[in-house]
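Here's the structure, in structure tokens; my notes come after.
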Amino acid sequence: MPSYPLRALVLRKTKLGEADLIVTLLAADGRQVRAVAKGARKTKSRFGARVEPFAVADLLLHTGRSLEVIAEAETVASHEALRSDYERMAAAGVVVDLLDKISVEGQGEPQLFEMSNVTLGVMESAAIATLPLLVAAFLLKALAMHGYRPSLDQCASCADDTCDSTLFSPRTGGCLCDGCSPQDPAALRMSPDARAVMRALLRSRMADIEALGVDDALRSEVVRLVVAYTGYHVPARLKALDMYAKGM
Ligand SMILES: [Zn+2]
């Protein structure tokens with residue numbers, strides 16, 4: 001069997017038969033790969049926590065008939081702290097769920113892996129109160145890489161760059177000027193501060209987001225807008241994000 005090395009982030013695992021797992025992975029080049037980890041559910045499995053969600057591992061894969069088979073796994077970043085704290089696990093759960101839904105086999109987005117890996121690393125040690133902003137930043141950046149960067153400087157419809165309205169239209173793709181506001185009666189209210197924070201989230205490195213110092217009310221507003229935007233542009237149901245938004 002031909003084999004090859006692959007660095008990947010574990011997104012999800014599902015049971016297969018008595019003792020095996022199917023592991024859904026985001027490869028370092030941004031492709032989605034599904035592979036079987038044989039015997040991974042046995043107590044003395046040689047894989048241990050190396051194929052748990054949130055872990056980044058260097059794998060050796062054998063090319064199988066339908067799915068790849070994991071022959072070896074070595075931990076690169078276990079992101080263990082994300083599995084031992086409910087709040088962190090819920091935030092990281094949104095990250096891997098979105099990646100599971102937007103990544104596809106055979107078509108990569110190389111920036112996505114690195115940004116996701118960095119996000120999970122920052123989520124391990126960030127203050128609990130910062131986690132929702134990290135989730136919002138991740139969603140905005142991932143959607144931007146996926147071709148859905150929200151327009152926050154110009155009207156999303158007519159590109160008027162003096163757009164200073166307080167309307168945000170997920171359907172149109174960002175803020176909506178007064179003249180274009182009749183185009184989307186379902187547009188959401190967006191305060192000027194929320195718009196500034198969303199711009200900052202898109203621009204900032206993950207490690208710098210904690211320092212933005214956003215208060216509770218503004219944070220909730222931003223998360224609400226970003227969740228609505230994500231829900232509109234990702235057709236699949238994002239169960240982890242639904243639960244996360246409800247718990248806020
Ligand atoms: Zn307009």
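Chain labels run A, B, ... following the order of the structure tokens; each chain numbers its residues from 1, and ligands are numbered from 1 in the order shown.
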Problem set entry | alpha helix (DSSP H) call set, DSSP backbone run, segment 12-221 of chain A, as an NGL selection string | :A and (86-102 or 110-125 or 131-145 or 192-203 or 216-221)
For this session: Please extract the residues at most 12 Å from ligand 1, counting only C-alpha atoms and all ligand atoms, and provide them as an NGL selection string, using the chain letters and residue numbers of this document.
Result: :A and (151-165 or 167-169 or 172-184)
Exercise. So which residues touch segment 79-88 of chain A within 8 Å, counting only C-alpha atoms, skipping near sequence neighbours fewer than 5 positions away, as a VMD selection string?
Worked result: chain A and resid 54 to 56 120 to 121 123 to 125 128 131
Export, as an mmCIF file, in the first residue's frame, the selected residues with N, CA and C atoms.
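And here's result-v4.cif as it stands now:
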data_model
loop_
_atom_site.group_PDB
_atom_site.id
_atom_site.type_symbol
_atom_site.label_atom_id
_atom_site.label_comp_id
_atom_site.auth_asym_id
_atom_site.auth_seq_id
_atom_site.Cartn_x
_atom_site.Cartn_y
_atom_site.Cartn_z
ATOM 1 N N PHE A 54 -9.378 18.500 18.180
ATOM 2 C CA PHE A 54 -8.539 19.655 18.535
ATOM 3 C C PHE A 54 -7.035 19.351 18.457
ATOM 4 N N ALA A 55 -6.651 18.056 18.397
ATOM 5 C CA ALA A 55 -5.223 17.732 18.376
ATOM 6 C C ALA A 55 -4.655 17.936 16.966
ATOM 7 N N VAL A 56 -3.409 18.416 16.910
ATOM 8 C CA VAL A 56 -2.685 18.477 15.636
ATOM 9 C C VAL A 56 -1.632 17.377 15.681
ATOM 10 N N LEU A 120 -6.835 27.742 18.157
ATOM 11 C CA LEU A 120 -6.974 26.740 19.218
ATOM 12 C C LEU A 120 -5.901 26.944 20.289
ATOM 13 N N GLY A 121 -4.703 27.287 19.857
ATOM 14 C CA GLY A 121 -3.625 27.547 20.821
ATOM 15 C C GLY A 121 -3.952 28.729 21.726
ATOM 16 N N MET A 123 -6.959 29.862 22.395
ATOM 17 C CA MET A 123 -8.123 29.497 23.224
ATOM 18 C C MET A 123 -7.726 28.683 24.457
ATOM 19 N N GLU A 124 -6.590 28.022 24.410
ATOM 20 C CA GLU A 124 -6.144 27.219 25.555
ATOM 21 C C GLU A 124 -5.854 28.066 26.787
ATOM 22 N N SER A 125 -5.350 29.273 26.578
ATOM 23 C CA SER A 125 -4.906 30.056 27.731
ATOM 24 C C SER A 125 -5.581 31.414 27.867
ATOM 25 N N ILE A 128 -11.477 33.382 30.119
ATOM 26 C CA ILE A 128 -12.762 32.803 29.708
ATOM 27 C C ILE A 128 -13.638 33.863 29.025
ATOM 28 N N LEU A 131 -13.185 34.296 25.251
ATOM 29 C CA LEU A 131 -13.473 33.193 24.315
ATOM 30 C C LEU A 131 -14.531 33.549 23.257
#
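Distances to Ala127 of chain A were evaluated for A:Gly213, A:Pro192, A:Gly93, A:Pro150 using only C-alpha atoms, and the minimum falls at A:Gly213.
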For this session: Go through A:Lys38, A:Arg189, A:Arg50, A:Lys141 and flag the residue nearest Leu99 of chain A, using only C-alpha atoms for the distances.
Result: A:Lys141
Problem set entry | Which of segment 27-99 of chain A DSSP labels strand (DSSP E), written as a PyMOL selection string | chain A and resi 27+32-37+56-62+68-77
